[in-house]
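K.L.:
Pasting structure12.pdb here (PDB, C-alpha atoms):
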```pdb
ATOM      1  CA  MET A   2     131.961 163.846  30.589
ATOM      2  CA  PRO A   3     131.436 163.024  26.856
ATOM      3  CA  THR A   4     134.381 163.446  24.531
ATOM      4  CA  PRO A   5     134.099 166.110  21.821
ATOM      5  CA  ASP A   6     132.836 164.910  18.456
ATOM      6  CA  PRO A   7     135.895 164.670  16.186
ATOM      7  CA  ARG A   8     133.747 164.869  13.044
ATOM      8  CA  GLU A   9     134.067 167.950  10.875
ATOM      9  CA  ARG A  10     132.499 169.382   7.726
ATOM     10  CA  ARG A  11     134.857 169.470   4.771
ATOM     11  CA  ILE A  12     134.759 170.186   1.064
ATOM     12  CA  VAL A  13     136.244 167.121  -0.627
ATOM     13  CA  THR A  14     136.283 165.286  -3.922
ATOM     14  CA  ILE A  15     135.113 161.680  -3.863
ATOM     15  CA  LEU A  16     136.280 159.066  -6.370
ATOM     16  CA  PHE A  17     134.128 155.961  -6.563
ATOM     17  CA  SER A  18     135.109 153.064  -8.843
ATOM     18  CA  ASP A  19     133.731 149.623  -9.580
ATOM     19  CA  LEU A  20     135.109 146.781 -11.676
ATOM     20  CA  SER A  21     133.069 145.411 -14.557
ATOM     21  CA  GLY A  22     133.528 141.756 -15.528
ATOM     22  CA  PHE A  23     134.772 140.799 -12.084
ATOM     23  CA  THR A  24     131.925 138.378 -11.300
ATOM     24  CA  THR A  25     132.422 136.474 -14.557
ATOM     25  CA  LEU A  26     136.183 136.324 -13.971
ATOM     26  CA  SER A  27     135.797 135.165 -10.368
ATOM     27  CA  GLU A  28     133.410 132.366 -11.382
ATOM     28  CA  SER A  29     136.187 130.805 -13.469
ATOM     29  CA  MET A  30     138.991 131.203 -10.896
ATOM     30  CA  ASP A  31     139.979 129.583  -7.640
ATOM     31  CA  PRO A  32     139.042 131.864  -4.681
ATOM     32  CA  GLU A  33     142.711 132.246  -3.709
ATOM     33  CA  ASP A  34     143.552 133.346  -7.265
ATOM     34  CA  VAL A  35     140.660 135.818  -7.171
ATOM     35  CA  ALA A  36     141.960 137.271  -3.905
ATOM     36  CA  ASP A  37     145.517 137.487  -5.273
ATOM     37  CA  THR A  38     144.285 139.194  -8.459
ATOM     38  CA  VAL A  39     142.167 141.754  -6.622
ATOM     39  CA  ASP A  40     144.918 142.427  -4.086
ATOM     40  CA  ALA A  41     147.503 143.055  -6.828
ATOM     41  CA  LEU A  42     145.140 145.326  -8.755
ATOM     42  CA  PHE A  43     143.969 147.277  -5.706
ATOM     43  CA  ARG A  44     147.583 147.867  -4.660
ATOM     44  CA  ARG A  45     148.110 149.558  -8.030
ATOM     45  CA  PHE A  46     144.941 151.607  -7.548
ATOM     46  CA  ARG A  47     146.092 152.622  -4.067
ATOM     47  CA  SER A  48     149.410 153.811  -5.530
ATOM     48  CA  ALA A  49     147.630 155.845  -8.233
ATOM     49  CA  ILE A  50     145.329 157.450  -5.646
ATOM     50  CA  GLU A  51     148.033 158.152  -3.072
ATOM     51  CA  ALA A  52     150.410 159.534  -5.740
ATOM     52  CA  GLU A  53     147.817 162.290  -6.248
ATOM     53  CA  GLY A  54     147.390 162.950  -2.511
ATOM     54  CA  GLY A  55     144.164 160.972  -2.107
ATOM     55  CA  THR A  56     143.181 158.668   0.728
ATOM     56  CA  ILE A  57     141.557 155.259   0.367
ATOM     57  CA  ASP A  58     138.291 155.530   2.264
ATOM     58  CA  LYS A  59     137.286 151.909   1.742
ATOM     59  CA  PHE A  60     137.388 148.842  -0.445
ATOM     60  CA  ILE A  61     133.933 147.359  -0.932
ATOM     61  CA  GLY A  62     134.114 144.036  -2.778
ATOM     62  CA  ASP A  63     135.376 145.038  -6.231
ATOM     63  CA  ALA A  64     134.810 148.778  -5.616
ATOM     64  CA  VAL A  65     137.156 151.462  -4.329
ATOM     65  CA  MET A  66     136.151 154.734  -2.660
ATOM     66  CA  ALA A  67     138.803 157.429  -2.278
ATOM     67  CA  VAL A  68     138.714 160.905  -0.783
ATOM     68  CA  PHE A  69     140.705 163.927  -1.932
ATOM     69  CA  GLY A  70     140.609 166.686   0.659
ATOM     70  CA  ALA A  71     140.616 164.663   3.886
ATOM     71  CA  PRO A  72     142.423 164.170   6.095
ATOM     72  CA  ALA A  73     144.760 166.539   4.187
ATOM     73  CA  SER A  74     143.431 169.044   1.666
ATOM     74  CA  HIS A  75     144.974 170.644  -1.394
ATOM     75  CA  PRO A  76     143.618 173.552  -3.440
ATOM     76  CA  ASP A  77     143.556 171.309  -6.528
ATOM     77  CA  ASP A  78     141.869 168.222  -5.044
ATOM     78  CA  PRO A  79     139.305 167.954  -7.892
ATOM     79  CA  ALA A  80     142.102 167.851 -10.495
ATOM     80  CA  ARG A  81     144.030 165.357  -8.375
ATOM     81  CA  ALA A  82     140.990 163.053  -8.202
ATOM     82  CA  ILE A  83     140.459 163.185 -11.962
ATOM     83  CA  ARG A  84     144.145 162.460 -12.628
ATOM     84  CA  ALA A  85     143.963 159.528 -10.204
ATOM     85  CA  GLY A  86     140.868 158.156 -11.955
ATOM     86  CA  LEU A  87     142.511 158.389 -15.368
ATOM     87  CA  ALA A  88     145.669 156.773 -13.943
ATOM     88  CA  MET A  89     143.574 153.944 -12.498
ATOM     89  CA  GLN A  90     142.098 153.287 -15.950
ATOM     90  CA  ARG A  91     145.636 153.139 -17.422
ATOM     91  CA  GLU A  92     146.749 150.806 -14.614
ATOM     92  CA  LEU A  93     143.830 148.499 -15.326
ATOM     93  CA  THR A  94     144.682 148.389 -19.045
ATOM     94  CA  ALA A  95     148.290 147.428 -18.226
ATOM     95  CA  PHE A  96     147.156 144.898 -15.601
ATOM     96  CA  ASN A  97     144.803 143.233 -18.090
ATOM     97  CA  ALA A  98     147.606 142.938 -20.653
ATOM     98  CA  GLU A  99     150.022 141.484 -18.091
ATOM     99  CA  ARG A 100     147.526 138.910 -16.827
ATOM    100  CA  ASN A 101     145.687 138.236 -20.086
ATOM    101  CA  ILE A 102     142.317 139.121 -18.537
ATOM    102  CA  SER A 103     139.639 141.619 -19.540
ATOM    103  CA  LEU A 104     138.395 143.566 -16.550
ATOM    104  CA  ARG A 105     136.897 147.006 -17.103
ATOM    105  CA  MET A 106     136.084 149.750 -14.624
ATOM    106  CA  ARG A 107     133.619 152.607 -14.220
ATOM    107  CA  ILE A 108     134.630 155.685 -12.218
ATOM    108  CA  GLY A 109     132.556 158.557 -10.834
ATOM    109  CA  VAL A 110     134.057 161.721  -9.322
ATOM    110  CA  ASN A 111     132.142 164.391  -7.405
ATOM    111  CA  SER A 112     133.098 167.366  -5.252
ATOM    112  CA  GLY A 113     131.079 168.696  -2.359
ATOM    113  CA  ASP A 114     130.437 169.060   1.336
ATOM    114  CA  VAL A 115     130.776 165.983   3.578
ATOM    115  CA  LEU A 116     131.025 165.139   7.224
ATOM    116  CA  TRP A 117     134.469 163.624   7.848
ATOM    117  CA  GLY A 118     134.736 161.489  10.950
ATOM    118  CA  GLY A 119     134.339 158.116  12.558
ATOM    119  CA  VAL A 120     131.183 156.045  12.524
ATOM    120  CA  GLY A 121     130.478 153.334  15.075
ATOM    121  CA  GLY A 122     133.856 153.804  16.681
ATOM    122  CA  ASP A 123     135.676 153.043  13.426
ATOM    123  CA  ARG A 124     138.203 155.173  11.538
ATOM    124  CA  ALA A 125     137.237 158.354   9.709
ATOM    125  CA  THR A 126     135.112 158.195   6.583
ATOM    126  CA  ALA A 127     133.322 160.678   4.345
ATOM    127  CA  MET A 128     129.540 160.864   4.686
ATOM    128  CA  GLY A 129     127.021 162.924   2.795
ATOM    129  CA  ASP A 130     125.419 163.745  -0.510
ATOM    130  CA  ALA A 131     128.769 164.179  -2.281
ATOM    131  CA  VAL A 132     129.484 160.469  -1.714
ATOM    132  CA  THR A 133     126.047 159.443  -2.983
ATOM    133  CA  VAL A 134     126.466 161.510  -6.144
ATOM    134  CA  ALA A 135     129.940 160.042  -6.838
ATOM    135  CA  GLN A 136     128.502 156.539  -6.532
ATOM    136  CA  LYS A 137     125.606 157.433  -8.863
ATOM    137  CA  LEU A 138     128.071 158.826 -11.407
ATOM    138  CA  GLU A 139     130.090 155.606 -11.222
ATOM    139  CA  GLY A 140     126.915 153.633 -11.887
ATOM    140  CA  ALA A 141     126.107 155.797 -14.921
ATOM    141  CA  ALA A 142     129.618 155.616 -16.387
ATOM    142  CA  ARG A 143     130.398 153.330 -19.272
ATOM    143  CA  PRO A 144     133.200 150.859 -18.567
ATOM    144  CA  GLY A 145     136.560 152.496 -19.208
ATOM    145  CA  SER A 146     135.386 156.036 -18.488
ATOM    146  CA  VAL A 147     135.721 158.639 -15.732
ATOM    147  CA  LEU A 148     132.520 160.652 -15.221
ATOM    148  CA  VAL A 149     132.646 163.871 -13.229
ATOM    149  CA  SER A 150     129.981 166.203 -11.903
ATOM    150  CA  GLY A 151     129.666 169.807 -13.018
ATOM    151  CA  ALA A 152     131.016 170.892  -9.626
ATOM    152  CA  THR A 153     134.166 168.832 -10.140
ATOM    153  CA  ARG A 154     134.588 170.005 -13.727
ATOM    154  CA  ASP A 155     134.249 173.645 -12.672
ATOM    155  CA  ALA A 156     136.862 173.246  -9.918
ATOM    156  CA  ALA A 157     139.340 171.094 -11.865
ATOM    157  CA  GLY A 158     141.085 173.837 -13.799
ATOM    158  CA  LYS A 159     143.005 173.319 -17.010
ATOM    159  CA  GLY A 160     144.562 170.159 -18.346
ATOM    160  CA  PHE A 161     141.408 168.178 -19.017
ATOM    161  CA  ARG A 162     138.871 167.796 -21.770
ATOM    162  CA  PHE A 163     135.249 167.378 -20.658
ATOM    163  CA  GLU A 164     132.575 165.930 -22.918
ATOM    164  CA  ALA A 165     128.991 166.579 -21.805
ATOM    165  CA  CYS A 166     126.926 163.455 -21.113
ATOM    166  CA  ASP A 167     123.300 162.904 -20.158
ATOM    167  CA  SER A 168     122.555 164.269 -16.704
ATOM    168  CA  VAL A 169     122.027 161.802 -13.856
ATOM    169  CA  SER A 170     119.043 161.750 -11.495
ATOM    170  CA  VAL A 171     119.830 161.235  -7.832
ATOM    171  CA  LYS A 172     117.097 160.128  -5.450
ATOM    172  CA  GLY A 173     116.075 162.942  -3.118
ATOM    173  CA  ARG A 174     117.468 165.700  -5.350
ATOM    174  CA  PRO A 175     115.004 167.903  -7.217
ATOM    175  CA  GLU A 176     117.414 168.501 -10.109
ATOM    176  CA  ALA A 177     119.548 166.082 -12.091
ATOM    177  CA  VAL A 178     123.342 166.299 -11.811
ATOM    178  CA  GLU A 179     125.326 167.668 -14.761
ATOM    179  CA  VAL A 180     127.753 164.991 -15.963
ATOM    180  CA  PHE A 181     130.919 165.114 -18.073
ATOM    181  CA  GLU A 182     133.352 162.465 -19.264
ATOM    182  CA  ALA A 183     136.906 163.494 -18.427
ATOM    183  CA  SER A 184     140.020 162.913 -20.472
ATOM    184  CA  VAL A 185     143.470 164.495 -20.653
ATOM    185  CA  VAL A 186     144.011 167.375 -23.074
TER     186      VAL A 186
END
```
How does this structure look as structure tokens?
P.N.:
Amino acid sequence: MPTPDPRERRIVTILFSDLSGFTTLSESMDPEDVADTVDALFRRFRSAIEAEGGTIDKFIGDAVMAVFGAPASHPDDPARAIRAGLAMQRELTAFNAERNISLRMRIGVNSGDVLWGGVGGDRATAMGDAVTVAQKLEGAARPGSVLVSGATRDAAGKGFRFEACDSVSVKGRPEAVEVFEASVV
């Protein structure tokens, strides 16, 4: 008898980040030093994400994907994700100063419906359009910024300032996504 599918639909907020300048830095460093640098930085990012109740979904090279709303959800997950993204930018600034390097990072944050569950027998992950949009927002962000979708902005509540940016086209979507750069009030 087949086991029940443990996947479930959830409303979550996805944070997708990617380092800028990492390739140039890694070309001038020993591979062990690169690994030590990334490990130290990603530990700080993990702390910033987990301090806001988020879960690391995956590390992909020099990118981080985090989920707010799975496996545990909070009514303010969009605000938590934005605060985590802004904290990650502050952590990177401090890290650069400590190590005398100049990495930058782009962050995209989007809220929406996903399927939360395992793929290929592996641990749970978020799958769906909300993830794709977060990654597209990250790609459209300027280094040092946190871009959020209109859905995330609308659900975030008070405590943030949002500056409208050019909308972002996402393949397969008939309408572009509203985009805002987030900062603290």
K.L.:
Give as an MDAnalysis selection string the residues that the PyMOL selection byres ((chain A and resi 151) around 12) matches when applied to the coordinates above.
P.N.:
chainID A and resid 79 109:113 134:135 138 148:150 152:157 163:169 177:183
K.L.:
Print the selection's residues with C-alpha atoms to a file, as an mmCIF file, keeping the file's coordinate frame.
P.N.:
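Everything below was put into selection_31.cif:
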```
data_model
loop_
_atom_site.group_PDB
_atom_site.id
_atom_site.type_symbol
_atom_site.label_atom_id
_atom_site.label_comp_id
_atom_site.auth_asym_id
_atom_site.auth_seq_id
_atom_site.Cartn_x
_atom_site.Cartn_y
_atom_site.Cartn_z
ATOM 1 C CA PRO A 79 139.305 167.954 -7.892
ATOM 2 C CA GLY A 109 132.556 158.557 -10.834
ATOM 3 C CA VAL A 110 134.057 161.721 -9.322
ATOM 4 C CA ASN A 111 132.142 164.391 -7.405
ATOM 5 C CA SER A 112 133.098 167.366 -5.252
ATOM 6 C CA GLY A 113 131.079 168.696 -2.359
ATOM 7 C CA VAL A 134 126.466 161.510 -6.144
ATOM 8 C CA ALA A 135 129.940 160.042 -6.838
ATOM 9 C CA LEU A 138 128.071 158.826 -11.407
ATOM 10 C CA LEU A 148 132.520 160.652 -15.221
ATOM 11 C CA VAL A 149 132.646 163.871 -13.229
ATOM 12 C CA SER A 150 129.981 166.203 -11.903
ATOM 13 C CA ALA A 152 131.016 170.892 -9.626
ATOM 14 C CA THR A 153 134.166 168.832 -10.140
ATOM 15 C CA ARG A 154 134.588 170.005 -13.727
ATOM 16 C CA ASP A 155 134.249 173.645 -12.672
ATOM 17 C CA ALA A 156 136.862 173.246 -9.918
ATOM 18 C CA ALA A 157 139.340 171.094 -11.865
ATOM 19 C CA PHE A 163 135.249 167.378 -20.658
ATOM 20 C CA GLU A 164 132.575 165.930 -22.918
ATOM 21 C CA ALA A 165 128.991 166.579 -21.805
ATOM 22 C CA CYS A 166 126.926 163.455 -21.113
ATOM 23 C CA ASP A 167 123.300 162.904 -20.158
ATOM 24 C CA SER A 168 122.555 164.269 -16.704
ATOM 25 C CA VAL A 169 122.027 161.802 -13.856
ATOM 26 C CA ALA A 177 119.548 166.082 -12.091
ATOM 27 C CA VAL A 178 123.342 166.299 -11.811
ATOM 28 C CA GLU A 179 125.326 167.668 -14.761
ATOM 29 C CA VAL A 180 127.753 164.991 -15.963
ATOM 30 C CA PHE A 181 130.919 165.114 -18.073
ATOM 31 C CA GLU A 182 133.352 162.465 -19.264
ATOM 32 C CA ALA A 183 136.906 163.494 -18.427
#
```
K.L.:
As an exercise, work out the distance from CA of Phe96 in chain A to CA of Lys137 in chain A in Å and give it to one decimal place.
P.N.:
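Distance reported for this atom pair: 25.8 Å.
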K.L.:
Step by step, work through what the PyMOL selection byres ((chain A and resi 59-70) around 7) selects in the shown file, and finish by giving those residues as a PDB file with C-alpha atoms, in the frame of the given file.
P.N.:
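In the end it all went to selection24.pdb:
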```pdb
ATOM      1  CA  ILE A  12     134.759 170.186   1.064  1.00  0.00           C
ATOM      2  CA  VAL A  13     136.244 167.121  -0.627  1.00  0.00           C
ATOM      3  CA  THR A  14     136.283 165.286  -3.922  1.00  0.00           C
ATOM      4  CA  ILE A  15     135.113 161.680  -3.863  1.00  0.00           C
ATOM      5  CA  LEU A  16     136.280 159.066  -6.370  1.00  0.00           C
ATOM      6  CA  PHE A  17     134.128 155.961  -6.563  1.00  0.00           C
ATOM      7  CA  SER A  18     135.109 153.064  -8.843  1.00  0.00           C
ATOM      8  CA  ASP A  19     133.731 149.623  -9.580  1.00  0.00           C
ATOM      9  CA  LEU A  20     135.109 146.781 -11.676  1.00  0.00           C
ATOM     10  CA  GLY A  54     147.390 162.950  -2.511  1.00  0.00           C
ATOM     11  CA  GLY A  55     144.164 160.972  -2.107  1.00  0.00           C
ATOM     12  CA  THR A  56     143.181 158.668   0.728  1.00  0.00           C
ATOM     13  CA  ILE A  57     141.557 155.259   0.367  1.00  0.00           C
ATOM     14  CA  ASP A  58     138.291 155.530   2.264  1.00  0.00           C
ATOM     15  CA  ALA A  71     140.616 164.663   3.886  1.00  0.00           C
ATOM     16  CA  PRO A  72     142.423 164.170   6.095  1.00  0.00           C
ATOM     17  CA  ALA A  73     144.760 166.539   4.187  1.00  0.00           C
ATOM     18  CA  SER A  74     143.431 169.044   1.666  1.00  0.00           C
ATOM     19  CA  HIS A  75     144.974 170.644  -1.394  1.00  0.00           C
ATOM     20  CA  ASP A  78     141.869 168.222  -5.044  1.00  0.00           C
ATOM     21  CA  ALA A  82     140.990 163.053  -8.202  1.00  0.00           C
TER      22      ALA A  82
END
```
K.L.:
Taking the file as I've supplied it (selection: the PyMOL selection byres ((chain A and resi 46) around 9)), which residues are included? Please answer as a PyMOL selection string.
P.N.:
chain A and resi 41-45+47-51+65+85-86+88-89+92-93
K.L.:
Please measure the separation of CA of Asp130 in chain A and CA of Ile83 in chain A, giving the value in Å to one decimal.
P.N.:
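Between CA of Asp130 in chain A and CA of Ile83 in chain A the gap works out to 18.9 Å.
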K.L.:
One decimal, in Å: what's the spacing between CA of Arg162 in chain A and CA of Val185 in chain A?
P.N.:
5.8 Å
K.L.:
Please list as a list in words every residue within 10 Å of Gly145 in chain A, counting only C-alpha atoms and excluding residues in the same chain fewer than 5 positions away.
P.N.:
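That gives Leu20, Ser21, Leu87, Met89, Gln90, Arg91, Leu93, Thr94, Leu104, Arg105, Met106, Arg107 and Ile108 of chain A.
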K.L.:
Which of these, A:Thr24, A:Ser184, A:Pro144, A:Glu53, has the shortest distance to Asp77 in chain A once you count all atoms listed in the file?
P.N.:
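Looking at the shortest contact to Asp77 in chain A, the residue is A:Glu53.
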K.L.:
Looking at A:Ser27, A:Pro175, A:Gly119, A:Lys159, which one is nearest to Ala80 in chain A, with distances taken over only C-alpha atoms?
P.N.:
A:Lys159
